[in-house]
$ cat model06.pdb   # PDB, C-alpha atoms
ATOM      1  CA  MET A 808       7.264 -17.813 -14.165  1.00  0.00           C
ATOM      2  CA  MET A 809       7.291 -14.026 -13.733  1.00  0.00           C
ATOM      3  CA  SER A 810       3.817 -13.678 -15.264  1.00  0.00           C
ATOM      4  CA  LYS A 811       2.490 -16.035 -12.571  1.00  0.00           C
ATOM      5  CA  PHE A 812       4.226 -13.934  -9.950  1.00  0.00           C
ATOM      6  CA  MET A 813       2.695 -10.774 -11.396  1.00  0.00           C
ATOM      7  CA  ASN A 814      -0.764 -12.359 -11.262  1.00  0.00           C
ATOM      8  CA  VAL A 815      -0.197 -13.204  -7.592  1.00  0.00           C
ATOM      9  CA  LEU A 816       1.036  -9.653  -6.993  1.00  0.00           C
ATOM     10  CA  ARG A 817      -2.066  -8.276  -8.726  1.00  0.00           C
ATOM     11  CA  SER A 818      -4.296 -10.394  -6.493  1.00  0.00           C
ATOM     12  CA  TRP A 819      -2.341  -9.293  -3.425  1.00  0.00           C
ATOM     13  CA  LEU A 820      -2.681  -5.624  -4.343  1.00  0.00           C
ATOM     14  CA  LEU A 821      -6.411  -6.026  -4.922  1.00  0.00           C
ATOM     15  CA  MET A 822      -6.880  -7.818  -1.592  1.00  0.00           C
ATOM     16  CA  VAL A 823      -4.849  -5.166   0.279  1.00  0.00           C
ATOM     17  CA  SER A 824      -6.866  -2.473  -1.482  1.00  0.00           C
ATOM     18  CA  LEU A 825     -10.179  -3.991  -0.420  1.00  0.00           C
ATOM     19  CA  ILE A 826      -9.018  -4.356   3.192  1.00  0.00           C
ATOM     20  CA  ALA A 827      -7.910  -0.711   3.158  1.00  0.00           C
ATOM     21  CA  MET A 828     -11.370   0.314   1.956  1.00  0.00           C
ATOM     22  CA  GLY A 829     -12.797  -1.481   4.972  1.00  0.00           C
ATOM     23  CA  ASN A 830     -10.398   0.425   7.233  1.00  0.00           C
ATOM     24  CA  THR A 831     -11.524   3.647   5.572  1.00  0.00           C
ATOM     25  CA  VAL A 832     -15.144   2.917   6.399  1.00  0.00           C
ATOM     26  CA  GLN A 833     -14.167   2.114  10.001  1.00  0.00           C
ATOM     27  CA  SER A 834     -12.262   5.393  10.304  1.00  0.00           C
ATOM     28  CA  PHE A 835     -15.295   7.401   9.213  1.00  0.00           C
ATOM     29  CA  ARG A 836     -17.839   5.361  11.148  1.00  0.00           C
ATOM     30  CA  ASP A 837     -16.173   5.368  14.573  1.00  0.00           C
ATOM     31  CA  HIS A 838     -12.838   6.983  15.448  1.00  0.00           C
ATOM     32  CA  SER A 839     -12.451   4.738  18.507  1.00  0.00           C
ATOM     33  CA  PHE A 840     -11.370   2.058  15.999  1.00  0.00           C
ATOM     34  CA  LEU A 841      -8.011   3.844  15.711  1.00  0.00           C
ATOM     35  CA  SER A 842      -7.512   4.413  19.424  1.00  0.00           C
ATOM     36  CA  GLU A 843      -8.438   0.803  20.264  1.00  0.00           C
ATOM     37  CA  LYS A 844      -6.513  -0.983  17.487  1.00  0.00           C
ATOM     38  CA  LEU A 845      -3.620   1.226  16.353  1.00  0.00           C
ATOM     39  CA  TYR A 846      -2.770   4.249  18.432  1.00  0.00           C
ATOM     40  CA  THR A 847      -3.147   2.550  21.808  1.00  0.00           C
ATOM     41  CA  GLY A 848      -0.061   4.258  23.264  1.00  0.00           C
ATOM     42  CA  MET A 849      -1.767   7.659  23.326  1.00  0.00           C
ATOM     43  CA  PRO A 850      -5.448   7.125  22.534  1.00  0.00           C
ATOM     44  CA  GLN A 851      -6.271  10.641  23.741  1.00  0.00           C
ATOM     45  CA  PHE A 852      -4.624  11.967  20.551  1.00  0.00           C
ATOM     46  CA  VAL A 853      -7.175  10.188  18.366  1.00  0.00           C
ATOM     47  CA  ASN A 854     -10.195  12.311  17.530  1.00  0.00           C
ATOM     48  CA  GLY A 855     -12.725  12.441  14.722  1.00  0.00           C
ATOM     49  CA  LEU A 856     -10.636  14.770  12.576  1.00  0.00           C
ATOM     50  CA  GLN A 857      -7.542  12.610  12.860  1.00  0.00           C
ATOM     51  CA  ALA A 858      -9.597   9.501  12.090  1.00  0.00           C
ATOM     52  CA  ARG A 859     -11.150  11.056   8.981  1.00  0.00           C
ATOM     53  CA  THR A 860      -7.724  12.235   7.790  1.00  0.00           C
ATOM     54  CA  PHE A 861      -6.390   8.723   8.315  1.00  0.00           C
ATOM     55  CA  GLY A 862      -9.438   7.409   6.440  1.00  0.00           C
ATOM     56  CA  ILE A 863      -8.847   9.670   3.430  1.00  0.00           C
ATOM     57  CA  TRP A 864      -5.144   8.746   3.352  1.00  0.00           C
ATOM     58  CA  THR A 865      -6.100   5.058   3.509  1.00  0.00           C
ATOM     59  CA  LEU A 866      -8.737   5.489   0.788  1.00  0.00           C
ATOM     60  CA  LEU A 867      -6.243   7.213  -1.514  1.00  0.00           C
ATOM     61  CA  ALA A 868      -3.697   4.441  -0.982  1.00  0.00           C
ATOM     62  CA  SER A 869      -6.438   1.886  -1.629  1.00  0.00           C
ATOM     63  CA  ILE A 870      -7.452   3.511  -4.919  1.00  0.00           C
ATOM     64  CA  ILE A 871      -3.834   3.691  -6.089  1.00  0.00           C
ATOM     65  CA  ARG A 872      -3.213   0.045  -5.192  1.00  0.00           C
ATOM     66  CA  CYS A 873      -6.404  -1.074  -6.945  1.00  0.00           C
ATOM     67  CA  ALA A 874      -5.456   0.907 -10.065  1.00  0.00           C
ATOM     68  CA  CYS A 875      -2.027  -0.733 -10.044  1.00  0.00           C
ATOM     69  CA  ALA A 876      -3.605  -4.181  -9.751  1.00  0.00           C
ATOM     70  CA  ILE A 877      -5.654  -3.383 -12.856  1.00  0.00           C
ATOM     71  CA  ASP A 878      -2.769  -1.831 -14.847  1.00  0.00           C
ATOM     72  CA  ILE A 879       0.238  -3.485 -13.255  1.00  0.00           C
ATOM     73  CA  HIS A 880       2.548  -2.800 -16.200  1.00  0.00           C
ATOM     74  CA  ASN A 881       2.141   0.975 -15.917  1.00  0.00           C
ATOM     75  CA  LYS A 882       5.593   1.870 -14.618  1.00  0.00           C
ATOM     76  CA  THR A 883       4.617   5.261 -13.160  1.00  0.00           C
ATOM     77  CA  LEU A 884       1.615   3.807 -11.351  1.00  0.00           C
ATOM     78  CA  TYR A 885       3.785   0.934 -10.142  1.00  0.00           C
ATOM     79  CA  HIS A 886       6.279   3.388  -8.611  1.00  0.00           C
ATOM     80  CA  ILE A 887       3.515   5.398  -6.936  1.00  0.00           C
ATOM     81  CA  THR A 888       1.996   2.206  -5.523  1.00  0.00           C
ATOM     82  CA  LEU A 889       5.351   1.096  -4.168  1.00  0.00           C
ATOM     83  CA  TRP A 890       5.670   4.478  -2.453  1.00  0.00           C
ATOM     84  CA  THR A 891       2.274   4.022  -0.762  1.00  0.00           C
ATOM     85  CA  PHE A 892       3.714   1.007   1.015  1.00  0.00           C
ATOM     86  CA  VAL A 893       6.993   2.756   1.860  1.00  0.00           C
ATOM     87  CA  LEU A 894       5.040   5.669   3.372  1.00  0.00           C
ATOM     88  CA  ALA A 895       2.773   3.325   5.333  1.00  0.00           C
ATOM     89  CA  LEU A 896       5.772   1.410   6.666  1.00  0.00           C
ATOM     90  CA  GLY A 897       7.521   4.648   7.624  1.00  0.00           C
ATOM     91  CA  HIS A 898       4.386   5.987   9.290  1.00  0.00           C
ATOM     92  CA  PHE A 899       3.752   2.939  11.456  1.00  0.00           C
ATOM     93  CA  LEU A 900       7.436   2.470  12.339  1.00  0.00           C
ATOM     94  CA  SER A 901       7.727   6.113  13.395  1.00  0.00           C
ATOM     95  CA  GLU A 902       4.497   5.979  15.406  1.00  0.00           C
ATOM     96  CA  ALA A 903       5.677   2.783  17.118  1.00  0.00           C
ATOM     97  CA  PHE A 904       9.318   3.636  17.804  1.00  0.00           C
ATOM     98  CA  ILE A 905       9.704   7.417  17.667  1.00  0.00           C
ATOM     99  CA  TYR A 906       6.414   8.922  18.817  1.00  0.00           C
ATOM    100  CA  LYS A 907       5.317   5.897  20.898  1.00  0.00           C
ATOM    101  CA  THR A 908       1.656   6.408  19.958  1.00  0.00           C
ATOM    102  CA  ALA A 909       1.312   2.936  18.422  1.00  0.00           C
ATOM    103  CA  PRO A 910       2.976   0.228  20.521  1.00  0.00           C
ATOM    104  CA  VAL A 911       3.807  -2.959  18.664  1.00  0.00           C
ATOM    105  CA  THR A 912       0.553  -4.883  19.026  1.00  0.00           C
ATOM    106  CA  ILE A 913      -1.249  -7.106  16.529  1.00  0.00           C
ATOM    107  CA  GLY A 914      -3.076  -4.001  15.297  1.00  0.00           C
ATOM    108  CA  VAL A 915       0.244  -2.389  14.367  1.00  0.00           C
ATOM    109  CA  MET A 916       2.034  -5.568  13.316  1.00  0.00           C
ATOM    110  CA  ALA A 917      -0.554  -6.261  10.608  1.00  0.00           C
ATOM    111  CA  PRO A 918       0.096  -3.072   8.587  1.00  0.00           C
ATOM    112  CA  LEU A 919       3.851  -3.400   9.186  1.00  0.00           C
ATOM    113  CA  ILE A 920       3.810  -6.936   7.793  1.00  0.00           C
ATOM    114  CA  VAL A 921       1.534  -6.040   4.872  1.00  0.00           C
ATOM    115  CA  ALA A 922       3.688  -3.037   3.936  1.00  0.00           C
ATOM    116  CA  SER A 923       6.930  -5.031   4.245  1.00  0.00           C
ATOM    117  CA  VAL A 924       5.685  -8.014   2.233  1.00  0.00           C
ATOM    118  CA  SER A 925       4.237  -5.653  -0.374  1.00  0.00           C
ATOM    119  CA  ILE A 926       7.498  -3.731  -0.731  1.00  0.00           C
ATOM    120  CA  VAL A 927       9.475  -6.954  -1.181  1.00  0.00           C
ATOM    121  CA  GLY A 928       6.929  -8.331  -3.655  1.00  0.00           C
ATOM    122  CA  MET A 929       6.849  -5.127  -5.669  1.00  0.00           C
ATOM    123  CA  LEU A 930      10.645  -4.922  -5.769  1.00  0.00           C
ATOM    124  CA  ILE A 931      10.760  -8.492  -7.084  1.00  0.00           C
ATOM    125  CA  GLY A 932       8.018  -7.704  -9.589  1.00  0.00           C
ATOM    126  CA  TYR A 933       9.873  -4.626 -10.782  1.00  0.00           C
ATOM    127  CA  GLN A 934      12.045  -6.864 -12.966  1.00  0.00           C
ATOM    128  CA  CYS A 935       8.954  -7.981 -14.832  1.00  0.00           C
ATOM    129  CA  ILE A 936       7.789  -4.396 -15.319  1.00  0.00           C
ATOM    130  CA  SER A 937      11.127  -3.466 -16.889  1.00  0.00           C
ATOM    131  CA  GLU A 938      11.104  -6.561 -19.110  1.00  0.00           C
ATOM    132  CA  HIS A 939       7.539  -5.808 -20.207  1.00  0.00           C
ATOM    133  CA  GLN A 940       8.470  -2.225 -21.109  1.00  0.00           C
ATOM    134  CA  GLU A 941      11.374  -3.504 -23.228  1.00  0.00           C
ATOM    135  CA  GLU A 942       9.069  -5.967 -25.046  1.00  0.00           C
ATOM    136  CA  VAL A 943       6.547  -3.217 -25.786  1.00  0.00           C
ATOM    137  CA  THR A 944       9.314  -0.961 -27.123  1.00  0.00           C
ATOM    138  CA  VAL A 945      10.643  -3.742 -29.397  1.00  0.00           C
ATOM    139  CA  ARG A 946       7.117  -4.448 -30.722  1.00  0.00           C
ATOM    140  CA  GLN A 947       6.524  -0.754 -31.430  1.00  0.00           C
ATOM    141  CA  LYS A 948       9.810  -0.474 -33.316  1.00  0.00           C
ATOM    142  CA  LYS A 949       8.924  -3.517 -35.433  1.00  0.00           C
ATOM    143  CA  ARG A 950       5.577  -1.936 -36.406  1.00  0.00           C
ATOM    144  CA  ASN A 951       7.259   1.255 -37.555  1.00  0.00           C
TER     145      ASN A 951
END
$ encode --input "model06.pdb" --output "structure tokens"
Amino acid sequence: MMSKFMNVLRSWLLMVSLIAMGNTVQSFRDHSFLSEKLYTGMPQFVNGLQARTFGIWTLLASIIRCACAIDIHNKTLYHITLWTFVLALGHFLSEAFIYKTAPVTIGVMAPLIVASVSIVGMLIGYQCISEHQEEVTVRQKKRN
């Protein structure tokens, strides 16, 4: 049962990673993407530099998530991937409710939902990571 869940989680992480790569390309191609879709509360704050910084941050998160999808039982990588979603959730919540640069529109709801669902999924999957680590340890002890 948990191995099926982990396969779904892997697919989810890969899909989210690919979408993030698309957002990275958009951020480099045309910074108006951010002012029209995300930071609509204060679009005057969005410039090319901010868009490229956002793009690099998104690309890094995408690479980490893709690596985790490939090696989902790597506990350190799993933790780092989980943190990418926590940071994304914190960023968009703070921009929406503290700084008021990103009002709650569909453009902001999408990353909030993706981050939230990903956090929940990864917390559920964490059980499987711990169980897998225990199995590997038992197998290694048997070999020695």
$ closest_residue --input "model06.pdb" --among "A:Ser937, A:Thr883, A:Thr865, A:Asn814" --to "Pro918 (chain A)" --atoms "all atoms listed in the file"
A:Thr865
$ axis_aligned_box --input "model06.pdb" --around "region 895-914 of chain A" --padding-each-side "3 Å" --output "lines of an AutoDock Vina configuration file"
center_x = 3.3
center_y = 0.9
center_z = 13.1
size_x = 18.8
size_y = 22.0
size_z = 21.6
$ closest_residue --input "model06.pdb" --among "A:Met929, A:Val911, A:Cys875, A:Leu841" --to "Phe861 (chain A)" --atoms "all atoms listed in the file"
A:Leu841
$ residues_near_point --input "model06.pdb" --point "(1.8, -5.2, 9.8)" --cutoff "12 Å" --atoms "all atoms listed in the file" --output "list of chain:residue names"
A:Val823, A:Leu845, A:Phe892, A:Ala895, A:Leu896, A:Gly897, A:His898, A:Phe899, A:Leu900, A:Ala903, A:Ala909, A:Val911, A:Thr912, A:Ile913, A:Gly914, A:Val915, A:Met916, A:Ala917, A:Pro918, A:Leu919, A:Ile920, A:Val921, A:Ala922, A:Ser923, A:Val924, A:Ser925
$ closest_residue --input "model06.pdb" --among "A:Arg859, A:Leu867, A:Met809, A:Ser901" --to "Thr888 (chain A)" --atoms "only C-alpha atoms"
A:Leu867
$ atom_distance --input "model06.pdb" --atom1 "CA of His838 (chain A)" --atom2 "CA of Ala858 (chain A)"
5.3 Å
$ closest_residue --input "model06.pdb" --among "A:Gln947, A:Ile879, A:Val893, A:Glu942" --to "Val815 (chain A)" --atoms "all atoms listed in the file"
A:Ile879
$ residues_around --input "model06.pdb" --residues "Ala827 (chain A)" --least-positions-apart "4" --cutoff "9 Å" --atoms "all atoms listed in the file" --output "short mmCIF file (atom, residue, chain, number, x, y, z; two decimals) with C-alpha atoms, in the frame of the given file"
data_model
loop_
_atom_site.label_atom_id
_atom_site.label_comp_id
_atom_site.auth_asym_id
_atom_site.auth_seq_id
_atom_site.Cartn_x
_atom_site.Cartn_y
_atom_site.Cartn_z
CA MET A 822 -6.88 -7.82 -1.59
CA VAL A 823 -4.85 -5.17 0.28
CA THR A 831 -11.52 3.65 5.57
CA VAL A 832 -15.14 2.92 6.40
CA GLY A 862 -9.44 7.41 6.44
CA THR A 865 -6.10 5.06 3.51
CA LEU A 866 -8.74 5.49 0.79
CA ALA A 868 -3.70 4.44 -0.98
CA SER A 869 -6.44 1.89 -1.63
#
$ atom_distance --input "model06.pdb" --atom1 "CA of Cys873 (chain A)" --atom2 "CA of Arg817 (chain A)"
8.6 Å
$ decode --input "model06.pdb" --residues "region 830-846 of chain A" --atoms "C-alpha atoms" --output "compact mmCIF listing (two decimals), in the first residue's frame"
# COMPACT_ATOMS: atom_id res chain seq x y z
CA ASN A 830 7.46 28.86 -14.62
CA THR A 831 11.22 29.38 -14.63
CA VAL A 832 11.24 29.84 -18.39
CA GLN A 833 8.33 32.29 -18.11
CA SER A 834 10.17 34.30 -15.45
CA PHE A 835 13.22 34.70 -17.68
CA ARG A 836 11.29 35.27 -20.89
CA ASP A 837 8.91 38.00 -19.72
CA HIS A 838 8.72 39.46 -16.21
CA SER A 839 5.16 40.69 -16.81
CA PHE A 840 4.15 37.05 -16.19
CA LEU A 841 4.73 37.64 -12.47
CA SER A 842 2.97 41.00 -12.29
CA GLU A 843 -0.05 39.69 -14.25
CA LYS A 844 -0.46 36.29 -12.54
CA LEU A 845 1.06 36.46 -9.05
CA TYR A 846 2.02 39.84 -7.68
